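Here's the structure we're looking at; comments come further down.
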Amino acid sequence: MHSITDIVVVGAGAAGVAAMRLLAKANCTSLLLEASPRVGGRAWTVMPKSELHVDLGCGWLHSAEQNPWVQVAEEAGVSIDRRQAAWGTQYQNLDFDPQEQKAARKFLRDWNSEMLERPPETDNASDAALRAEGVDRWRPYLERVVGAVSGKRLNEVSVTDFINYRQASTETDWRLPEGLGHLVASSLPREAHTLVGIPVTGMVLEPFGVSLHTRSGTLRARTVILTVSTNVLASGAIALPTELTDWRVAASDLSLGCNEKVFLEVLSPLGFEPETQVVGNPRSSLTGAHYIRPLGNNVVESFYGGEAASEIWALGHNHAYDFAINELVRLFGSRARANLRPLTISGWKQDPWVMGSYSCAAPRKSVSRTQLARAYDGKIFFAGEATHRTAFSTVHGAFLSGERAAREALDALSV
Ligand SMILES: Cc1cc2nc3c(=O)[nH]c(=O)nc-3n(C[C@H](O)[C@H](O)[C@H](O)COP(=O)(O)OP(=O)(O)OC[C@H]3O[C@@H](n4cnc5c(N)ncnc54)[C@H](O)[C@@H]3O)c2cc1C
């Protein structure tokens, strides 16, 4: 307990794992501290049935051509599915005829053009939508799309943030049949000194570096890399020195949205074509996108975001299962009901170590990402998806931020 560790990494999500991978090659002592009983954070693959891997959190390798997890997977010999996602399609045009789909897509394009070419002075994504033709008709549709990508309502989203992400990302999205969460957790080097089930409850600045308080005692570090989510940081769950008030404020500017998944087992695949998608109700914001039999598995993955996820999950997991099944029955007919069974479900908002899905800057607060990524006095370094200026909200943004913070900490220690 009296020795001083060179670098303590707090949080074993994708950012913490990436930091530890880099530190494993450096000539310093390091320790990874994780509050929950497992490694991976918002990357979490579960197996609700044998041979079936599903990701409760991240599942897609977005911007795959530039995604560092692709290289990690390739080096580990993990297979990658490079098929194009069925997003944006409506299987058999169910309850969404081609003319309507065309009109909805045009509205999304117009809204994007407004944000790029005439960004509103308020930096509010809702104000850009008000100028796009067809807003009265397509606003609920847009709310669902924005809810999926940001976890927030349209009027809570910064235009600058949205554009920063769009301009740096590509349209290529790949998957891992064995689960992205599994890759993240298994990428932590075996030799990395890791303690799970040890929440950090407070940090105190010291002449030698930082004292970290945990329920099992106090640890001493020369430097700390803090990777916890913005909602955890803003919540005060970790008592921080007053010198870090600006970081806590930045974290609340970048709060996590609400995105959740329901997985349903498909008992008989008849009528459910693999690798297809349907939106439950294209004319409502309280609806989800249902990915039918992803990778050929007998499962429906229903994804809810923003307002829909908040409202549906507030009524409990059984309600969320019923909601998803009712949406599918409405589209596929009453016989679908007997064919679908609840399998597993996420609960990110309630998870005390995460408290939401992914970060989204409030209007005029995109700049807070730069504030949050700044180091404090060569002693405390910040990582995590929210600290990446353009790849926020992703598992690759988390990876890149973890590597960046690890390099900064090594520089500060001059090792
Ligand atoms: C439903 C959902 C779907 C998603 N889909 C995708 C996708 O398809 N593609 C994609 O790229 N991204 C996706 N994401 C986002 C992606 O999962 C995250 O951006 C990424 O995993 C965040 O990693 P992180 O290391 O920054 O944070 P986290 O994963 O939150 O890691 C932080 C860690 O800190 C720990 N911690 C918290 N408090 C303490 C404490 N007091 N002491 C010690 N440890 C603590 C937590 O338990 C956690 O393990 C999705 C997320 C969700 C929720």
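By convention here, the chains of the structure tokens are called A, B, ... in the order presented, each chain's residues are numbered starting at 1, and ligands are numbered starting at 1 in the order presented.
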
*Please check which protein, DNA or RNA residues sit within 7 Å of ligand 1, counting only C-alpha atoms and all ligand atoms, and write them as a PyMOL selection string.*
chain A and resi 10-16+33-36+39-43+56-62+198-201+227-229+232+237-238+259-261+348+353-354+356-358+383-386+392-398

Could you save those same residues with C-alpha atoms as a PDB file, in the first residue's frame?
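Result written to selection.pdb:
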```
ATOM      1  CA  VAL A  10      -9.417   4.125 -13.696  1.00  0.00           C
ATOM      2  CA  GLY A  11     -12.041   2.250 -15.718  1.00  0.00           C
ATOM      3  CA  ALA A  12     -11.606  -0.924 -17.800  1.00  0.00           C
ATOM      4  CA  GLY A  13     -13.726   0.015 -20.804  1.00  0.00           C
ATOM      5  CA  ALA A  14     -12.308   0.331 -24.317  1.00  0.00           C
ATOM      6  CA  ALA A  15     -10.287   3.428 -23.366  1.00  0.00           C
ATOM      7  CA  GLY A  16      -8.791   1.789 -20.274  1.00  0.00           C
ATOM      8  CA  LEU A  33      -8.875  -0.294 -11.480  1.00  0.00           C
ATOM      9  CA  GLU A  34     -12.426  -1.238 -12.433  1.00  0.00           C
ATOM     10  CA  ALA A  35     -15.572  -0.732 -10.364  1.00  0.00           C
ATOM     11  CA  SER A  36     -17.732  -3.453 -11.900  1.00  0.00           C
ATOM     12  CA  VAL A  39     -13.676  -5.740 -18.072  1.00  0.00           C
ATOM     13  CA  GLY A  40     -15.224  -3.984 -21.106  1.00  0.00           C
ATOM     14  CA  GLY A  41     -17.552  -1.259 -19.797  1.00  0.00           C
ATOM     15  CA  ARG A  42     -19.992  -0.348 -22.544  1.00  0.00           C
ATOM     16  CA  ALA A  43     -18.481  -3.115 -24.691  1.00  0.00           C
ATOM     17  CA  LEU A  56     -25.629  -5.358 -25.181  1.00  0.00           C
ATOM     18  CA  GLY A  57     -23.476  -2.279 -25.870  1.00  0.00           C
ATOM     19  CA  CYS A  58     -21.358  -1.534 -28.931  1.00  0.00           C
ATOM     20  CA  GLY A  59     -21.668  -4.040 -31.763  1.00  0.00           C
ATOM     21  CA  TRP A  60     -20.533  -2.208 -34.895  1.00  0.00           C
ATOM     22  CA  LEU A  61     -17.028  -1.290 -35.963  1.00  0.00           C
ATOM     23  CA  HIS A  62     -18.002   2.093 -37.380  1.00  0.00           C
ATOM     24  CA  ILE A 198     -12.877  -1.863  -6.843  1.00  0.00           C
ATOM     25  CA  PRO A 199     -14.686   1.477  -7.375  1.00  0.00           C
ATOM     26  CA  VAL A 200     -12.584   4.577  -6.939  1.00  0.00           C
ATOM     27  CA  THR A 201     -14.519   6.856  -4.577  1.00  0.00           C
ATOM     28  CA  THR A 227     -11.682   6.999 -18.282  1.00  0.00           C
ATOM     29  CA  VAL A 228     -15.106   6.901 -16.596  1.00  0.00           C
ATOM     30  CA  SER A 229     -18.167   8.063 -18.555  1.00  0.00           C
ATOM     31  CA  VAL A 232     -20.225   9.156 -13.834  1.00  0.00           C
ATOM     32  CA  ALA A 237     -19.612   9.453  -7.608  1.00  0.00           C
ATOM     33  CA  ILE A 238     -15.858  10.080  -7.536  1.00  0.00           C
ATOM     34  CA  ASN A 259     -29.862   4.025 -26.068  1.00  0.00           C
ATOM     35  CA  GLU A 260     -30.995   0.518 -25.245  1.00  0.00           C
ATOM     36  CA  LYS A 261     -31.393  -2.846 -26.949  1.00  0.00           C
ATOM     37  CA  TRP A 348     -27.315   1.161 -19.500  1.00  0.00           C
ATOM     38  CA  TRP A 353     -20.889   2.609 -13.457  1.00  0.00           C
ATOM     39  CA  VAL A 354     -22.033   3.996 -16.816  1.00  0.00           C
ATOM     40  CA  GLY A 356     -26.336   6.165 -20.057  1.00  0.00           C
ATOM     41  CA  SER A 357     -25.245   5.272 -23.568  1.00  0.00           C
ATOM     42  CA  TYR A 358     -22.813   7.673 -25.256  1.00  0.00           C
ATOM     43  CA  ALA A 383      -9.660   9.528 -21.701  1.00  0.00           C
ATOM     44  CA  GLY A 384     -12.915   7.904 -22.770  1.00  0.00           C
ATOM     45  CA  GLU A 385     -15.073   8.281 -25.865  1.00  0.00           C
ATOM     46  CA  ALA A 386     -16.315  11.746 -24.867  1.00  0.00           C
ATOM     47  CA  PHE A 392     -16.898  10.450 -29.724  1.00  0.00           C
ATOM     48  CA  SER A 393     -19.683   8.009 -28.913  1.00  0.00           C
ATOM     49  CA  THR A 394     -17.749   5.111 -30.411  1.00  0.00           C
ATOM     50  CA  VAL A 395     -15.575   2.282 -29.230  1.00  0.00           C
ATOM     51  CA  HIS A 396     -12.787   3.346 -31.607  1.00  0.00           C
ATOM     52  CA  GLY A 397     -12.925   6.913 -30.260  1.00  0.00           C
ATOM     53  CA  ALA A 398     -12.503   5.390 -26.792  1.00  0.00           C
TER      54      ALA A 398
END
```

_as an MDAnalysis selection string, please: every residue in stretch 27-257 of chain A that DSSP puts in strand (DSSP E)._
chainID A and resid 30:34 45:49 52:55 60:61 174:175 194:196 200:206 209:214 217:226

*Which residue gives the smallest distance to A:Ser346 among A:Val54, A:Ile4, A:Ala250, A:Ala26, with only C-alpha atoms counted?*
A:Val54

*Contacts of A:Arg389 at 8 Å or less, counting only C-alpha atoms, minus same-chain residues fewer than 2 places along, as a PyMOL selection string?*
chain A and resi 164-165+369-370+386-387+391-392

*asked:* So the first atom is atom CA of A:Val72 and the second is atom CA of A:Ala251; what is the distance between them in Å, to one decimal place?
replied: 28.9 Å

*Grab the atom CA of A:Leu295 to atom CA of A:Trp313 distance for me, in Å with one decimal place.*
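Result for atom CA of A:Leu295 versus atom CA of A:Trp313: 26.4 Å, one decimal.
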
*Find the residues near stretch 296-298 of chain A: any atom within 8 Å, counting only C-alpha atoms, skip ones fewer than 3 places away on the same chain, and give them as a list in words.*
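That gives Leu52, Glu265, Val266, Leu267, Ser268, Pro269, Pro274, Glu275 and Arg293 of chain A.
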
*Which is closer to A:Ala168 than all the others in A:Ser126, A:Val149, A:Glu327, A:Asn67, using only C-alpha atoms?*
A:Asn67
